[in-house]
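S.K.: Take a look at the following structure, please.
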Protein chains: 2
Amino acid sequence: MRKITKEAIEQAEQIIKPYIHRTPVMTNKSINELSGIDFYFKCENFQKIGAFKIRGGMHATLQLTPEQLLNGVATHSSGNHAQALAYAGKILGIKAYIVMPKSSPQVKVDAVRGYGADVIICEANQIAREETLKQVVEKTGATFIHPFDNDDVITGQATCLKEFLEEVPALDAVLAPVGGGGMLSGTCLAAHYFKPGLKVYGGEPEGAADAVLSIKSGKVEKAPFINTIADGLMTTLSERTLAIIKEHVTDILLVSDEEIKAALRLIYERMKIIVEPSCVVPFAAALKNPALFKGKKVGIILSGGNVDITKFGDWFPPTGLTIH
Amino acid sequence: MRKITKEAIEQAEQIIKPYIHRTPVMTNKSINELSGIDFYFKCENFQKIGAFKIRGGMHATLQLTPEQLLNGVATHSSGNHAQALAYAGKILGIKAYIVMPKSSPQVKVDAVRGYGADVIICEANQIAREETLKQVVEKTGATFIHPFDNDDVITGQATCLKEFLEEVPALDAVLAPVGGGGMLSGTCLAAHYFKPGLKVYGGEPEGAADAVLSIKSGKVEKAPFINTIADGLMTTLSERTLAIIKEHVTDILLVSDEEIKAALRLIYERMKIIVEPSCVVPFAAALKNPALFKGKKVGIILSGGNVDITKFGDWFPPTGLTIH
């Protein structure tokens, strides 16, 4: 029997409410005019820690027993889940152990340390990450909270679409990014319970196209190659997220890095908000598929805003042109 | 007798209300924690055309007689005032003639043309701008609306602080940027009428330090040199704005370009919103002067978000450091 029920999502919303923001839904007239799509943006870039991951991280942590909480939580992540657990640790007054590969940007390590978490630096490969985490868990007794292969995490992420539908009940479709599939699984289940019939799409980079293959074959596939600026979406699905997504998703839509950059620029220039590349993948996918979305009310989960602004020079080089 | 009365500002608010956004006031816990200042940000970067200038531009245009409106409006500007008049022209269905120096970024010319305005490109010096504008006005009969040396424009800008005080009546101080002085004059007068005793500061770049000199000498002074990334604040005051500011301002605070970049980065990384360099000058000034603002409720007018993102590479170069 599935643990992630309608009631579980409703409870999750109440449990995490004191610790998170109810993020705003933004609209933008000029983007609607140029696309012919009626867009609604759920701004999780304004969420605590700058990303939706606090929903799942906080919810999973709050499911632990007092005995478990005493020993703290642990994970391996260089991304937003690391910050989510670190923040949960700070707020709840418990230890958080975060294993981060030595390739992690200093700004992310600093952010995690800023919340008072213990950062353990390891070699930048999957085996080293898992091995180091195992040692940390054995030594400390901390509970490992996986970034997405965890029902309590997925239940937490599902609260995002629930809130979104409360603000904009008339949505025709919703698009979320797909990396490991935690957010997309939660979005699928929230749609299933709270608005059956709502179309749910995943947006995936061409340079990390594992989900689209996995849905097709029915088993967890690796991407043929990994090369994308959407650095939060490089992970493969798990059996758990694949099963949920396969059952409920309408489709997975692929976009190129050039399309991601164009979408990023549109959000920066028209909406005046900072989002990360992974987060605009669904928006880029909607723009790329007008036949699916034109004239519809389309919800975009803007999943996060933790971007390294020193990369803008690469993404948006000066053109040097003067035409007038 | 001064034309900009309390009633004029109240009327202006009603007149422009259908055409502008009531912009949100944002707060940020982490910025408050690291500064020890209780900041409130009035987000005019989310305003129509991406800047407060629509307030004054729209208000001044709506003061014209039907006969004047028939011939349209004109100005010389490469910045947000150009967009404001172009947008007013579009909305009201009248002609807008915008003289822009040939040094203007293509993106700004495109934006103005996008609103349907006539763009007249001239040489990039003050004499050419004024001469070209004179010819346009003679030929078309359009009414020249100055970016700041105009009571109706200043009255429009004053509506911003009025709204701000309605949201946060307990402000101890407010800071606004100072270029030509239109926004700062409006802010001074709104404070005078709606919250006497509120401290009003102008933020000015060291690389365009004319206002601070003009206040001291009592006459309109030029900056000793012009060199700043705050490209919206390079103008000198006019007699009109100097008189208002000199009478009401608490002080003008100077900041360096390095301080502007650090403030810009803080807003991008912590608040996840896009603002332009000119617009963070007051915030940088508040951070630089903790003795004035610590423990106080400080309002910052985030004046606009029209920034050329291809410049981020220069402002925030990759550090290349790995320390952990």
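We label chains A, B, ... in the order they appear in the structure tokens, count residues from 1 in each chain, and number ligands from 1 in the order shown.
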Counting only C-alpha atoms, what is within 12 Å of B:Leu165, bar same-chain residues fewer than 3 positions away, as a ChimeraX atom specification?
M.R.: /B:25,40-42,158-162,168-174,187,190-191,193-196,198,297-301
S.K.: Selected residues, C-alpha atoms, written as a tab-separated table (two decimals), in the first residue's frame, please.
M.R.:
```
chain	number	residue	atom	x	y	z
B	25	VAL	CA	7.26	45.51	0.12
B	40	TYR	CA	11.89	47.08	4.23
B	41	PHE	CA	12.29	47.09	0.45
B	42	LYS	CA	9.72	48.83	-1.77
B	158	ALA	CA	6.10	61.11	-4.49
B	159	THR	CA	3.31	58.52	-4.65
B	160	CYS	CA	5.89	55.78	-4.08
B	161	LEU	CA	6.72	56.76	-0.49
B	162	LYS	CA	3.03	57.43	0.19
B	168	VAL	CA	4.97	50.19	6.84
B	169	PRO	CA	3.82	53.21	8.87
B	170	ALA	CA	6.52	52.67	11.50
B	171	LEU	CA	9.51	53.44	9.27
B	172	ASP	CA	12.25	55.42	11.05
B	173	ALA	CA	14.11	56.38	7.89
B	174	VAL	CA	13.83	56.03	4.13
B	187	THR	CA	10.32	61.26	-1.40
B	190	ALA	CA	5.88	62.80	0.67
B	191	ALA	CA	7.74	62.41	3.97
B	193	TYR	CA	3.34	65.74	4.21
B	194	PHE	CA	2.61	62.17	5.28
B	195	LYS	CA	5.15	61.48	8.03
B	196	PRO	CA	6.85	64.62	9.29
B	198	LEU	CA	10.76	60.67	8.99
B	297	LYS	CA	13.19	50.31	10.66
B	298	VAL	CA	14.76	51.42	7.41
B	299	GLY	CA	12.86	51.73	4.13
B	300	ILE	CA	14.76	51.29	0.87
B	301	ILE	CA	13.21	52.34	-2.42
```
S.K.: Would you kindly return, as a ChimeraX atom specification, each protein, DNA or RNA residue with an atom no farther than 9 Å from any atom of A:Gly207, considering only C-alpha atoms and excluding same-chain residues fewer than 2 positions away?
M.R.: /A:204-205,209,223-230,234,255-257
S.K.: When you count only C-alpha atoms, which of these residues is closest to chain A: B:Leu62, B:Ile94, B:Cys43, B:Leu237?
M.R.: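 Checking each candidate against chain A, we get B:Cys43 as the closest.
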S.K.: To one decimal place, how far is atom CA of A:Arg270 from atom CA of A:Ser30 in Å?
M.R.: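 Going from atom CA of A:Arg270 over to atom CA of A:Ser30 covers 7.2 Å.
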S.K.: Neighbouring residues of stretch 210-217 of chain A were defined as those with any atom within 10 Å, considering only C-alpha atoms; residues of the same chain fewer than 3 positions away were excluded. Please report them as JSON, numbers by chain.
M.R.: {"A": [178, 179, 180, 181, 202, 203, 204, 205, 206, 207, 220, 221, 222, 223, 224, 225, 226, 233, 234, 235, 236, 237, 238, 239, 241, 242, 243, 245, 246, 247, 249, 251, 252, 253, 254]}
S.K.: Residues of chain B within 7 Å of chain A, using only C-alpha atoms, as a list in words?
M.R.: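 That gives Asn45, Phe46, Gln106, Val109, Tyr268, Lys272, Ile273, Ile274, Gly305, Ile309, Thr310, Lys311, Phe312, Gly313, Phe316, Pro317, Pro318, Thr322, Ile323 and His324 of chain B for chain B.
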S.K.: Can you check which residues of stretch 27-246 of chain A DSSP gives as helix (DSSP H, G or I) on the backbone and send them as a ChimeraX atom specification?
M.R.: /A:29-35,44-46,48-50,53-62,66-71,80-92,106-114,126-140,151-167,182-194,206-208,210-217,231-233,239-246
S.K.: Using Å and a single decimal, report how far atom CA of B:Ser185 sits from atom CA of B:Asn289.
M.R.: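 Separation between atom CA of B:Asn289 and atom CA of B:Ser185: 22.0 Å.
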S.K.: In Å to one decimal, how far is atom CA of B:Thr23 from atom CA of B:Tyr97?
M.R.: 27.7 Å
S.K.: List every residue of stretch 142-254 of chain A that DSSP, applied to the backbone of this structure, assigns to strand (DSSP E or B), and report them as a PyMOL selection string.
M.R.: chain A and resi 143-144+173-177+199-205+251-254
S.K.: Okay, now the selection with N, CA, C and O atoms, as a compact mmCIF listing (two decimals), in the first residue's frame?
M.R.:
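Wrote it out as selection_28.txt, contents follow:
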```
# COMPACT_ATOMS: atom_id res chain seq x y z
N THR A 143 20.44 9.72 11.08
CA THR A 143 19.54 9.09 10.10
C THR A 143 19.79 9.68 8.71
O THR A 143 19.77 10.90 8.54
N PHE A 144 20.03 8.80 7.77
CA PHE A 144 20.24 9.22 6.38
C PHE A 144 18.90 9.63 5.78
O PHE A 144 17.93 8.86 5.79
N ALA A 173 -2.69 22.75 -16.77
CA ALA A 173 -1.50 21.89 -16.77
C ALA A 173 -0.49 22.46 -15.79
O ALA A 173 -0.51 23.64 -15.47
N VAL A 174 0.39 21.59 -15.31
CA VAL A 174 1.49 22.05 -14.46
C VAL A 174 2.77 21.38 -14.94
O VAL A 174 2.75 20.22 -15.38
N LEU A 175 3.86 22.14 -14.90
CA LEU A 175 5.16 21.58 -15.30
C LEU A 175 6.14 21.74 -14.15
O LEU A 175 6.23 22.80 -13.53
N ALA A 176 6.90 20.67 -13.88
CA ALA A 176 7.92 20.68 -12.84
C ALA A 176 9.20 20.11 -13.42
O ALA A 176 9.16 19.31 -14.36
N PRO A 177 10.36 20.49 -12.88
CA PRO A 177 11.60 19.90 -13.35
C PRO A 177 11.75 18.46 -12.88
O PRO A 177 11.18 18.07 -11.86
N LYS A 199 -3.18 17.99 -16.20
CA LYS A 199 -2.03 17.43 -16.93
C LYS A 199 -0.73 17.81 -16.22
O LYS A 199 -0.55 18.95 -15.82
N VAL A 200 0.13 16.82 -16.04
CA VAL A 200 1.40 17.04 -15.34
C VAL A 200 2.56 16.67 -16.27
O VAL A 200 2.66 15.53 -16.73
N TYR A 201 3.42 17.65 -16.54
CA TYR A 201 4.58 17.42 -17.40
C TYR A 201 5.87 17.59 -16.60
O TYR A 201 5.96 18.43 -15.71
N GLY A 202 6.86 16.78 -16.95
CA GLY A 202 8.21 16.98 -16.42
C GLY A 202 9.04 17.68 -17.47
O GLY A 202 8.91 17.39 -18.67
N GLY A 203 9.89 18.60 -17.05
CA GLY A 203 10.83 19.24 -17.97
C GLY A 203 12.22 18.69 -17.69
O GLY A 203 12.65 18.65 -16.53
N GLU A 204 12.91 18.23 -18.73
CA GLU A 204 14.21 17.60 -18.53
C GLU A 204 15.22 18.13 -19.55
O GLU A 204 14.87 18.34 -20.71
N PRO A 205 16.48 18.35 -19.14
CA PRO A 205 17.48 18.82 -20.10
C PRO A 205 17.89 17.70 -21.06
O PRO A 205 18.02 16.55 -20.63
N ASP A 251 3.59 13.60 -19.70
CA ASP A 251 4.74 13.43 -20.59
C ASP A 251 5.97 14.10 -19.99
O ASP A 251 5.85 14.95 -19.09
N ILE A 252 7.13 13.69 -20.50
CA ILE A 252 8.38 14.38 -20.15
C ILE A 252 8.83 15.12 -21.41
O ILE A 252 8.89 14.52 -22.50
N LEU A 253 9.15 16.41 -21.26
CA LEU A 253 9.54 17.23 -22.41
C LEU A 253 11.01 17.63 -22.29
O LEU A 253 11.45 18.07 -21.22
N LEU A 254 11.74 17.48 -23.38
CA LEU A 254 13.18 17.78 -23.37
C LEU A 254 13.47 19.17 -23.91
O LEU A 254 12.82 19.64 -24.84
```
